[in-house]
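Some notes on the structure that comes next.
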Amino acid sequence: MPLLDTPVRLGVQIQPQHANYTQIRDAVLRAEDLGVDIAFNWDHFYPLYGDPEGEHFESWTLLAAWAEQTERIEFGALVNCNSYRNADLQADMARTIDHISAKGGEGRFIFGTGSGWFERDYEEYGYEFGTAGSRLNDLADAMPRIEARWAKLNPAPTRHIPVLIGGGGEKKTLKIVARHADIWHSFTPVENLAHKLGVIEKWADEVGRDTSNLIISNELGKKETAEADALFDGGVRLFTIGVGGPDYDFTELERWIAWRDAKNS
């Protein structure tokens, strides 16, 4: 652990805020044309920064549109908020989007999920905010239900839907990662990465799961190339970068695409 013998992939988080639908749709198409591997959005109801009353769109309905409009890239939320939807419903929605994206082949949807944290969403939409611990407990309870529902649905998903779990908490989050994730995403700095991977391995041993195929994902943000190189050396194989509206400037994204291609050459 982790899975190292796999190409570097690059995901762009097209933030669904401060932009109209046409701008978001066109940004996704541009990202696919540029050659990114994955397009992400996020699962919130209000902007996370900038004008708090600015334009914003819901995650899952956008993802269904992306399933239809794209041809090659994988896509998902970075990350879904488990609190906002019944676990079995999440599974059914994911399966449906998987089929929309398949277009006669194999689906391209990634089920990225987390426990939730943005209190305004909860208050405005009437969800119980609880505590960080209670929300993680809810996520731990939801994942087996989601997996069980996938096994019952007719038609079944077109493939094993990859599960991406975000977060770095060692007592609860990384245990959920060890039990359920195909991809672990975090903002962990490179100097702490080996320790976190050791925690995942400890939990994996305890829950009896082989995590040798776990893909490690990390955020590029405002990092320099040397930092990305160090994360690569530490085992990261999926790198993400966020791009905000309304203009969705892909200048930095193009630089990282070139870096990815050099790593994979």
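Labeling convention for the structure tokens: chains A, B, ... as they appear, residues from 1 per chain, ligands from 1 in order of appearance.
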Quick check for you: according to DSSP on this backbone, which residues of region 100-171 of chain A are classed as strand (DSSP E)? Reply as number ranges by chain. A: 109-114, 163-166
Sel. of helix (DSSP H, G or I) residues, region 12-110 of chain A, as a short mmCIF file (atom, residue, chain, number, x, y, z; two decimals) with N, CA, C and O atoms, in the first residue's frame:
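Final output, saved to states.cif:
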```
data_model
loop_
_atom_site.label_atom_id
_atom_site.label_comp_id
_atom_site.auth_asym_id
_atom_site.auth_seq_id
_atom_site.Cartn_x
_atom_site.Cartn_y
_atom_site.Cartn_z
N TYR A 21 -25.21 28.41 -15.35
CA TYR A 21 -25.11 27.03 -15.80
C TYR A 21 -24.31 26.89 -17.08
O TYR A 21 -23.50 25.96 -17.22
N THR A 22 -24.51 27.80 -18.01
CA THR A 22 -23.79 27.71 -19.28
C THR A 22 -22.28 27.79 -19.06
O THR A 22 -21.51 27.05 -19.69
N GLN A 23 -21.85 28.66 -18.15
CA GLN A 23 -20.41 28.77 -17.86
C GLN A 23 -19.86 27.49 -17.25
O GLN A 23 -18.76 27.05 -17.59
N ILE A 24 -20.63 26.87 -16.36
CA ILE A 24 -20.19 25.61 -15.76
C ILE A 24 -20.14 24.50 -16.81
O ILE A 24 -19.16 23.76 -16.92
N ARG A 25 -21.19 24.40 -17.60
CA ARG A 25 -21.24 23.37 -18.65
C ARG A 25 -20.07 23.51 -19.60
O ARG A 25 -19.39 22.52 -19.94
N ASP A 26 -19.79 24.73 -20.03
CA ASP A 26 -18.70 24.94 -20.99
C ASP A 26 -17.34 24.66 -20.36
O ASP A 26 -16.42 24.18 -21.03
N ALA A 27 -17.20 24.94 -19.06
CA ALA A 27 -15.93 24.64 -18.38
C ALA A 27 -15.67 23.14 -18.35
O ALA A 27 -14.52 22.69 -18.52
N VAL A 28 -16.70 22.35 -18.14
CA VAL A 28 -16.54 20.90 -18.14
C VAL A 28 -16.08 20.42 -19.52
O VAL A 28 -15.17 19.59 -19.64
N LEU A 29 -16.69 20.94 -20.56
CA LEU A 29 -16.31 20.54 -21.92
C LEU A 29 -14.87 20.96 -22.23
O LEU A 29 -14.11 20.19 -22.84
N ARG A 30 -14.49 22.15 -21.80
CA ARG A 30 -13.11 22.60 -22.01
C ARG A 30 -12.13 21.71 -21.28
O ARG A 30 -11.07 21.36 -21.81
N ALA A 31 -12.47 21.33 -20.05
CA ALA A 31 -11.59 20.47 -19.26
C ALA A 31 -11.40 19.12 -19.95
O ALA A 31 -10.28 18.60 -20.02
N GLU A 32 -12.48 18.56 -20.46
CA GLU A 32 -12.36 17.28 -21.16
C GLU A 32 -11.51 17.44 -22.41
O GLU A 32 -10.65 16.59 -22.71
N ASP A 33 -11.71 18.50 -23.14
CA ASP A 33 -10.93 18.74 -24.36
C ASP A 33 -9.44 18.93 -24.06
O ASP A 33 -8.58 18.53 -24.85
N LEU A 34 -9.14 19.54 -22.90
CA LEU A 34 -7.74 19.75 -22.53
C LEU A 34 -7.04 18.45 -22.15
O LEU A 34 -5.81 18.38 -22.20
N SER A 59 -25.19 19.80 -6.52
CA SER A 59 -24.16 18.90 -7.03
C SER A 59 -24.68 17.77 -7.91
O SER A 59 -24.24 17.59 -9.05
N TRP A 60 -25.61 16.97 -7.41
CA TRP A 60 -25.96 15.73 -8.08
C TRP A 60 -26.68 15.96 -9.41
O TRP A 60 -26.48 15.19 -10.36
N THR A 61 -27.52 16.98 -9.48
CA THR A 61 -28.19 17.24 -10.75
C THR A 61 -27.18 17.71 -11.80
O THR A 61 -27.29 17.35 -12.99
N LEU A 62 -26.17 18.48 -11.38
CA LEU A 62 -25.08 18.82 -12.30
C LEU A 62 -24.34 17.57 -12.76
O LEU A 62 -24.00 17.43 -13.94
N LEU A 63 -24.09 16.64 -11.84
CA LEU A 63 -23.34 15.44 -12.20
C LEU A 63 -24.10 14.60 -13.22
O LEU A 63 -23.50 14.00 -14.12
N ALA A 64 -25.42 14.56 -13.11
CA ALA A 64 -26.21 13.83 -14.11
C ALA A 64 -26.06 14.48 -15.48
O ALA A 64 -25.97 13.79 -16.51
N ALA A 65 -26.04 15.82 -15.51
CA ALA A 65 -25.83 16.52 -16.78
C ALA A 65 -24.44 16.23 -17.33
O ALA A 65 -24.26 16.02 -18.54
N TRP A 66 -23.44 16.21 -16.45
CA TRP A 66 -22.06 15.92 -16.90
C TRP A 66 -21.97 14.50 -17.47
O TRP A 66 -21.22 14.25 -18.42
N ALA A 67 -22.72 13.58 -16.88
CA ALA A 67 -22.72 12.20 -17.38
C ALA A 67 -23.15 12.15 -18.83
O ALA A 67 -22.60 11.38 -19.63
N GLU A 68 -24.12 12.99 -19.18
CA GLU A 68 -24.62 13.00 -20.55
C GLU A 68 -23.73 13.80 -21.49
O GLU A 68 -23.52 13.41 -22.64
N GLN A 69 -23.19 14.91 -21.02
CA GLN A 69 -22.47 15.80 -21.93
C GLN A 69 -21.04 15.38 -22.22
O GLN A 69 -20.46 15.79 -23.21
N ASN A 82 -22.78 13.20 2.98
CA ASN A 82 -23.63 12.08 3.35
C ASN A 82 -24.91 12.50 4.05
O ASN A 82 -25.94 11.83 3.93
N SER A 83 -24.87 13.62 4.77
CA SER A 83 -26.02 14.03 5.59
C SER A 83 -27.24 14.42 4.77
O SER A 83 -28.36 14.41 5.29
N TYR A 84 -27.06 14.80 3.52
CA TYR A 84 -28.13 15.47 2.78
C TYR A 84 -29.10 14.51 2.11
O TYR A 84 -30.16 14.94 1.64
N ALA A 87 -29.13 7.08 2.54
CA ALA A 87 -28.03 6.26 2.01
C ALA A 87 -28.47 5.43 0.81
O ALA A 87 -27.74 5.34 -0.20
N ASP A 88 -29.63 4.79 0.89
CA ASP A 88 -30.10 3.97 -0.23
C ASP A 88 -30.40 4.82 -1.45
O ASP A 88 -30.15 4.40 -2.59
N LEU A 89 -30.91 6.03 -1.22
CA LEU A 89 -31.14 6.95 -2.34
C LEU A 89 -29.83 7.34 -2.99
O LEU A 89 -29.72 7.40 -4.23
N GLN A 90 -28.80 7.62 -2.19
CA GLN A 90 -27.49 7.93 -2.77
C GLN A 90 -27.01 6.81 -3.69
O GLN A 90 -26.48 7.06 -4.78
N ALA A 91 -27.17 5.58 -3.24
CA ALA A 91 -26.75 4.43 -4.05
C ALA A 91 -27.50 4.38 -5.36
O ALA A 91 -26.91 4.14 -6.43
N ASP A 92 -28.80 4.62 -5.31
CA ASP A 92 -29.62 4.57 -6.51
C ASP A 92 -29.26 5.71 -7.47
O ASP A 92 -29.17 5.52 -8.69
N MET A 93 -29.05 6.89 -6.92
CA MET A 93 -28.65 8.03 -7.75
C MET A 93 -27.31 7.76 -8.42
O MET A 93 -27.13 8.02 -9.62
N ALA A 94 -26.36 7.22 -7.65
CA ALA A 94 -25.04 6.91 -8.20
C ALA A 94 -25.15 5.88 -9.32
O ALA A 94 -24.51 6.01 -10.37
N ARG A 95 -25.96 4.82 -9.10
CA ARG A 95 -26.15 3.79 -10.12
C ARG A 95 -26.76 4.39 -11.39
O ARG A 95 -26.35 4.06 -12.52
N THR A 96 -27.74 5.28 -11.23
CA THR A 96 -28.39 5.88 -12.39
C THR A 96 -27.41 6.74 -13.18
O THR A 96 -27.33 6.66 -14.41
N ILE A 97 -26.64 7.56 -12.48
CA ILE A 97 -25.65 8.40 -13.16
C ILE A 97 -24.58 7.54 -13.82
O ILE A 97 -24.10 7.85 -14.92
N ASP A 98 -24.20 6.45 -13.16
CA ASP A 98 -23.26 5.50 -13.76
C ASP A 98 -23.78 5.03 -15.12
O ASP A 98 -23.04 5.01 -16.11
N HIS A 99 -25.05 4.68 -15.21
CA HIS A 99 -25.62 4.20 -16.47
C HIS A 99 -25.72 5.32 -17.50
O HIS A 99 -25.48 5.08 -18.70
N ILE A 100 -26.09 6.52 -17.07
CA ILE A 100 -26.15 7.64 -18.02
C ILE A 100 -24.80 7.84 -18.68
O ILE A 100 -24.70 8.06 -19.89
N SER A 101 -23.74 7.75 -17.89
CA SER A 101 -22.40 8.03 -18.40
C SER A 101 -21.84 6.89 -19.24
O SER A 101 -20.88 7.08 -19.99
N ALA A 102 -22.41 5.69 -19.12
CA ALA A 102 -21.83 4.53 -19.80
C ALA A 102 -22.00 4.60 -21.31
O ALA A 102 -21.11 4.20 -22.07
#
```
For CA of Tyr46 (chain A) and CA of Ala142 (chain A), quote the distance in Å rounded to one decimal.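 Spanning CA of Tyr46 (chain A) to CA of Ala142 (chain A) is a straight-line distance of 24.3 Å.
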Compare A:Gly107, A:Glu124, A:Asp233, A:Val163 by their minimum atom-to-atom distance to Asn80 (chain A), counting only C-alpha atoms, and give me the closest one. A:Val163
Can you list, as a list in words, every protein, DNA or RNA residue that comes within 12 Å of Arg209 (chain A) when you count only C-alpha atoms, leaving out same-chain residues fewer than 2 positions away?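 Within the cut-off, the hits are Met1, Lys175, Ile176, Val177, Ala178, Arg179, His180, Ala181, Asp182, Ile200, Glu201, Lys202, Trp203, Ala204, Asp205, Glu206, Val207, Thr211, Ser212, Asn213 and Leu214 of chain A.
Between CA of Gly126 (chain A) and CA of His56 (chain A) lies a distance of 18.1 Å.
Nearest residue to Gly244 (chain A), choosing from A:Asn137, A:Gln17, A:Ser217, A:Asn264 and counting only C-alpha atoms: A:Gln17.
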Could you check which of A:Arg120, A:Arg145, A:Lys222, A:Lys196 is closest to Asn86 (chain A), using only C-alpha atoms?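 Checking each candidate against Asn86 (chain A), we get A:Arg145 as the closest.
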Nearby residues (only C-alpha atoms) at most 12 Å from Gly54 (chain A), same-chain spacing under 6 positions excluded, as a PyMOL selection string: chain A and resi 16-20+45-48+245-246
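Summary of the local environment: counting only C-alpha atoms, residues at most 9 Å from Leu193 (chain A), other than itself and those fewer than 4 positions away along its chain, are Thr188, Pro189, Leu197, Gly198, Leu231, Gly234 and Gly235 of chain A.
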Next, write the just-selected residues to a file, as a PDB file, in the first residue's frame, keeping N, CA and C atoms as the atom set.
```pdb
ATOM      1  N   THR A 188      -3.330  16.268   3.144  1.00  0.00           N
ATOM      2  CA  THR A 188      -2.203  15.919   4.006  1.00  0.00           C
ATOM      3  C   THR A 188      -0.875  16.373   3.407  1.00  0.00           C
ATOM      4  N   PRO A 189      -0.078  17.144   4.154  1.00  0.00           N
ATOM      5  CA  PRO A 189       1.245  17.519   3.639  1.00  0.00           C
ATOM      6  C   PRO A 189       2.150  16.308   3.542  1.00  0.00           C
ATOM      7  N   LEU A 197      -0.784   7.001   6.039  1.00  0.00           N
ATOM      8  CA  LEU A 197      -0.903   5.718   5.347  1.00  0.00           C
ATOM      9  C   LEU A 197      -0.711   4.560   6.319  1.00  0.00           C
ATOM     10  N   GLY A 198       0.165   4.760   7.298  1.00  0.00           N
ATOM     11  CA  GLY A 198       0.341   3.740   8.321  1.00  0.00           C
ATOM     12  C   GLY A 198      -0.915   3.542   9.147  1.00  0.00           C
ATOM     13  N   LEU A 231       4.999  14.705  -3.265  1.00  0.00           N
ATOM     14  CA  LEU A 231       3.777  13.941  -3.039  1.00  0.00           C
ATOM     15  C   LEU A 231       3.747  12.693  -3.925  1.00  0.00           C
ATOM     16  N   GLY A 234       5.812  10.177  -2.474  1.00  0.00           N
ATOM     17  CA  GLY A 234       5.174   9.630  -1.286  1.00  0.00           C
ATOM     18  C   GLY A 234       4.017   8.696  -1.575  1.00  0.00           C
ATOM     19  N   GLY A 235       3.665   8.544  -2.850  1.00  0.00           N
ATOM     20  CA  GLY A 235       2.625   7.588  -3.213  1.00  0.00           C
ATOM     21  C   GLY A 235       1.366   8.165  -3.815  1.00  0.00           C
TER      22      GLY A 235
END
```
For Phe129 (chain A), please output as a PyMOL selection string all residues within 12 Å (counting only C-alpha atoms; exclusion window: fewer than 3 positions along the same chain). chain A and resi 81-84+115-126+132-136+138
Shell of 9 Å around Thr225 (chain A), only C-alpha atoms, local chain residues under 5 positions omitted, as a PyMOL selection string: chain A and resi 230+256+259
Store the residues picked out above, limited to C-alpha atoms, as a PDB file, in the first residue's frame.
```pdb
ATOM      1  CA  ALA A 230       7.420  15.007  -3.317  1.00  0.00           C
ATOM      2  CA  TRP A 256      -0.326  20.548 -14.356  1.00  0.00           C
ATOM      3  CA  TRP A 259       3.471  17.867 -15.503  1.00  0.00           C
TER       4      TRP A 259
END
```
Separation of CA of Ile14 (chain A) from CA of Glu128 (chain A), in Å and rounded to one decimal: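 Atom-to-atom, CA of Ile14 (chain A) to CA of Glu128 (chain A), that is 27.6 Å.
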